[in-house]
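Chemist: Before anything else, here's the structure in question.
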Amino acid sequence: MTAYDIISLIIGVLLLVIAFLAINSKKLIRSVIYLSALSMLAVVSFVLLKAPDVAITEAVIGSGLVTALFVFTLLAIKRRETR
Amino acid sequence: MKNIFGLLISLLLGVFIILALDSSVSFPEFGSAVISDRVSDNYLDEDNIEDVGSANIVTAIVVGYRGFDTLGEVTVLFVSALGVALVLGSSKKQARMDLKFKPNFMLRIGSKVLFGIILMTSIYIIFHGHLTPGGGFPGGAIIASAILLMYLADDKFRSNVKGFKILEGVAGSLFVVIGLLGLVVASYFLQNFLPVGTVGNLLSAGIIPIIYVLIGLKVGSEISGIVDNFLTEEESL
């Protein structure tokens, strides 16, 4: 087993664990944060698979824009519920 | 009971997927695929580099060989932005949504410094799309994330939405016009009719950098419009 295999294995297992946490967490905001972490790990795995183009796109859209939009939507919903 | 049932179903599905993919001949083991008998080998051929002129082979395929698909992709993004605008926007005057948090002075000033750096990165990624990884789509998304940062750091900030809409329309139309020019000057839609130049130079690869700049502007303005739609609401409450 080379270092590449070991790193890929660790990243893969972490991806599964974080995906499970994102589905199963009780608070929605935690789900969103886990989703962002999932995208970040996916970026690492894309780089390991030698796909830097996909990695850049995933880093910007997956962990940046989509997370921010989810957080803003949650804030807007919370504001409307308190009114 | 429900949890156990769900676990059972997901385990069963996992076993089925592994069995189906394991015995299939179309999925060779990781790293041992023979690409000499695939269609992609034609694109990866070293002689073709001189024809396309793009050092980044992904860009060569996305904009060079499959430019028409990219036009469709841009259209899909346009339709989704249109849908968001239809649901969340309205014809009345829009104002920033009050989210009950007030950014302080340091955040406001610091984000303005970061805004310039992020914008520079996006321009670099767009202009070097045919040389290094990246290109129009990620670059445009980085422009939009810079705009999002400004929205986050200042609760009164609003970008020039009307200007973005004009920019988006002009960039999209110019993409189609360049494609039609390829039809007129050369023989088919979106053909590379400009001289290719030296592979690896900034000014090379014919129409590929031009198209990528247009795509970057279009994607950036579209996603900025979506961000604005998410963070505004009708003024009178």
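Chain labels run A, B, ... following the order of the structure tokens; each chain numbers its residues from 1, and ligands are numbered from 1 in the order shown.
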As a PyMOL selection string, please: the residues near Thr67 in chain A (cut-off 12 Å, only C-alpha atoms, same-chain neighbours under 2 positions excluded).
Modeler: (chain A and resi 28-40+58-65+69-74) or (chain B and resi 145+148+227)
Chemist: Report the residues of chain A whose backbone DSSP state falls under alpha helix (DSSP H), written as a ChimeraX atom specification.
Modeler: /A:3-24,28-48,52-57,66-82
Chemist: Per residue of chain B within 7 Å of chain A, note the shortest atom pair and the distance in Å to one decimal, counting only C-alpha atoms, and order the rows by chain and increasing residue number, as a Markdown table.
Modeler:
```
| residue | atom | partner | partner_atom | distance |
| --- | --- | --- | --- | --- |
| B:Leu99 | CA | A:Leu75 | CA | 6.7 |
| B:Pro133 | CA | A:Asp53 | CA | 4.9 |
| B:Gly134 | CA | A:Asp53 | CA | 5.1 |
| B:Pro138 | CA | A:Thr57 | CA | 4.9 |
| B:Ala141 | CA | A:Val60 | CA | 6.5 |
| B:Ile142 | CA | A:Val60 | CA | 6.3 |
| B:Ser145 | CA | A:Leu65 | CA | 6.3 |
```
Chemist: Just the number, please: distance in Å from CA of Lys112 in chain B to CA of Lys156 in chain B, one decimal.
Modeler: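 Atom-to-atom, CA of Lys112 in chain B and CA of Lys156 in chain B are spaced 14.0 Å apart.
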Chemist: Near Asp5 in chain A, counting only C-alpha atoms, which residues have an atom at most 12 Å away, once you skip same-chain residues fewer than 3 positions from it, shown as a list in words?
Modeler: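 Residues meeting the cut-off are Met1, Thr2, Ser8, Leu9, Ile10, Ile11, Gly12, Ser45, Leu48 and Leu49 of chain A; Phe30 of chain B.
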Chemist: Here is a test: counting only C-alpha atoms, which residue of B:Ser111, B:Ser221, B:Ser54, B:Asn192 is nearest to Val170 in chain B?
Modeler: B:Ser221
Chemist: Report, in Å with one decimal, the straight-line distance from CA of Leu149 in chain B to CA of Ile211 in chain B.
Modeler: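 Going from CA of Leu149 in chain B over to CA of Ile211 in chain B covers 26.7 Å.
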Chemist: Tell me, in Å to one decimal, how far CA of Asn24 in chain A is from CA of Ile17 in chain B.
Modeler: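 Atom-to-atom, CA of Asn24 in chain A to CA of Ile17 in chain B, that is 23.0 Å.
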